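> This is the structure, below, for whatever I ask next.
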Amino acid sequence: MAVFTVGERDFLLDGEPVRLLSGALHYFRVHEDQWGHRLAMVRAMGLNCVETYVPWNLHEPEPGRFRDMGALGRFLDAVAEAGLWAVVRPGPYICAEWENGGLPHWLTGRLGRRVRTEDPEYLAWVDRWFAALLPQVVQRQVDRGGPVLMVQVENEYGSYGSDAGYLRHIADLLESCGVSVPLFTSDGPEDHMLTGGSVPGVLATVNFGSGAREAFEVLRRHQPAGPLMCMEFWCGWFAHWGERAAGREAADAAAALAEVLECGASVNIYMAHGGTNFAGWAGANRAGPLHDGPLEPTVTSYDYDAPIDEAGRPTEKFWAFRSVLERFRGEGAGPLPELPPVPPRRAAEDGPLRAVVREWAPLPEVLEVLGDEEWDGPVPPSFEELGVDRGLVRYRLRVPGPRQPYPLTVTGLRDRAVVYVDGVRAGVLAGAGARDEAALPEPVAGPAEVELWVESLGRVNYGPRLGETKGITDGVRHERQYLHGVRARGLRLDAFTPEAVEKVPFVPVEQDGGAERGAPGLYRAAVELGAGGGDGVPGDAWLELPGWVRGFVWVNGFCLGRYWEAGPQSALFLPGPVLGAGPGEVWVLELEGAGAAVRLTG
């Protein structure tokens, strides 16, 4: 079997120097039926390796309840079949613009600031998780005939903390679980980050988007020997809702990539293919230089302006990178592979396919059927206390009376609430300022019944606010007085299954006028999908929701993710395998104001 080691200046495979030309491709952001195509695209670009994170919260949604634990192993098998090596970054924290940085909400809600430290309770959960996860990595290591060359210790820890004992524990834990390939860390090329994130005896790598020579000079001050590697070469960027789309010129990115390789370094292009944050798994950031400002939720698309776009097609950046990578392949490497066939697109002879929504159910009735049990207590519970990871919570409380009109203020509001007073919509609130505070524009008199429908827009995945709780995390005040006596009920995205949705009491839109008056609720439409791609293969499409405001979409029971008129994203990627041969059923959970149609384009 092959042996991969870290030499004084090079990576060594069976004693011979080898350069890693890697690209990030996350198995959980690509439909499994399309893994093979995306991996073939990575290889055709000139890469010899693929890197992936592993999101703990995706695979353990509740303590002890594991979900699709074999996905990583299947992906690594696909990597080997594609003729590529693999780098695995199992965390337990991954960042990745992913919900809560990959940490389970039930863990951060319980432990708070104790996560990512040498806290015994936190370490016990990590030990248990790695024991369940790592066997599929260990048996696919290169020294056992598999593709895995290296495994990462935590992730960018120097951007977060300085608990050296914690990092040492993770490194020792990986080895005790059977990881025998080289370990590594990755951090920004700054002294305090490398000081806080490095582990003695473990290879350190750096992350950056430009300035390779300067970055490697900083790394050499901390690590005089060992191969140079940029573990995250940021060739593009992600976007937040309400901002302009992110992007980077192909020529600029290609020149920066060439500089990395001219330094004799290995590289991991982040991202080679970004994919999609399906099912509401997109994370969020906090604004400001210290990442403690207003919430900035990440969009559903994780295209990242990558060389292989969200639909798996080559971009101008792909061809620019392929040209650079071809120059550094070495003698005798031969020509680069040809590109695989272009993925089919959904054919629509008469233009976009349009589905007029025919049925709907008001949001309270959807909650009645699909919601969790109602919680009753003196103060508002957080999402974590209710066991809600992705979705929304309805809070109900009463303003006593009689009393004069006073401001109604919510403190600790994360993230966004649609508020009703005596059944009439009174406003949409978003937490702001240091206290995440917001107030209704008009004062409220008592007595009054108040409902607040709060949606989580994604948990913070980077910085000091990592692991913060969601929902109403302080209280609701009338003037300066807290209002006590709260009933709360969660509606989780995972509750939307075909079997459960069949029990929702839908009525025709014409009967109730739901879409015409823009009422929040669950809308259902059937789409005659028409022809597939070439040779009848299901083709990809883009789903648009003109006139809709904010919510989530499912097609044939598969959650495409969040839509929001705030932009910049205006369409959701719909993989062909989800569409199938048709007809297709579309569900739209609208939280603010509905449109009248769903449109699919090829």
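Every chain in the structure tokens has a letter given in the order shown (A, B, ...), and although residue numbers restart at 1 in each chain, ligands are simply numbered from 1 in the order shown.
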Write out as an MDAnalysis selection string the set of residues from region 74-272 of chain A that DSSP, computed on the backbone, places in strand (DSSP E).
chainID A and resid 85:89 148:152 183:187 203:208 229:234 266:272
> Tell me which of A:Gly247, A:Gly146, A:Gly446, A:Pro90 sits closest to Gly102 (chain A), counting only C-alpha atoms.
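Nearest to Gly102 (chain A): A:Pro90.
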> From a DSSP calculation on the backbone, collect every residue of region 106-279 of chain A in alpha helix (DSSP H) and output the set as a PyMOL selection string.
chain A and resi 106-111+120-133+135-138+164-176+191-197+212-222+250-262
> Give me, as CSV, each residue of region 435-517 of chain A that comes within 12 Å of region 53-65 of chain A, together with its shortest interatomic pair and the distance in Å at one decimal, counting only C-alpha atoms, with rows ordered by chain and rising residue number.

residue,atom,partner,partner_atom,distance
A:Arg459,CA,A:Asn57,CA,11.7
A:Asn461,CA,A:Pro55,CA,11.6
A:Arg492,CA,A:Pro61,CA,11.7
A:Asp494,CA,A:Pro61,CA,10.0
> Next, write the just-selected residues to a file, as an mmCIF file, in the first residue's frame, keeping N, CA, C and O atoms as the atom set.

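Generated output (again.cif):
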data_model
loop_
_atom_site.group_PDB
_atom_site.id
_atom_site.type_symbol
_atom_site.label_atom_id
_atom_site.label_comp_id
_atom_site.auth_asym_id
_atom_site.auth_seq_id
_atom_site.Cartn_x
_atom_site.Cartn_y
_atom_site.Cartn_z
ATOM 1 N N ARG A 459 -27.576 30.033 11.903
ATOM 2 C CA ARG A 459 -26.723 30.295 13.063
ATOM 3 C C ARG A 459 -25.336 30.745 12.617
ATOM 4 O O ARG A 459 -24.825 30.321 11.589
ATOM 5 N N ASN A 461 -21.578 31.064 11.981
ATOM 6 C CA ASN A 461 -20.612 29.997 11.733
ATOM 7 C C ASN A 461 -19.159 30.425 11.934
ATOM 8 O O ASN A 461 -18.260 29.597 11.790
ATOM 9 N N ARG A 492 -40.422 22.804 12.526
ATOM 10 C CA ARG A 492 -39.102 22.454 12.001
ATOM 11 C C ARG A 492 -39.179 22.091 10.520
ATOM 12 O O ARG A 492 -40.150 21.464 10.076
ATOM 13 N N ASP A 494 -37.589 19.841 9.027
ATOM 14 C CA ASP A 494 -37.583 18.386 8.870
ATOM 15 C C ASP A 494 -38.978 17.783 8.990
ATOM 16 O O ASP A 494 -39.181 16.619 8.635
#
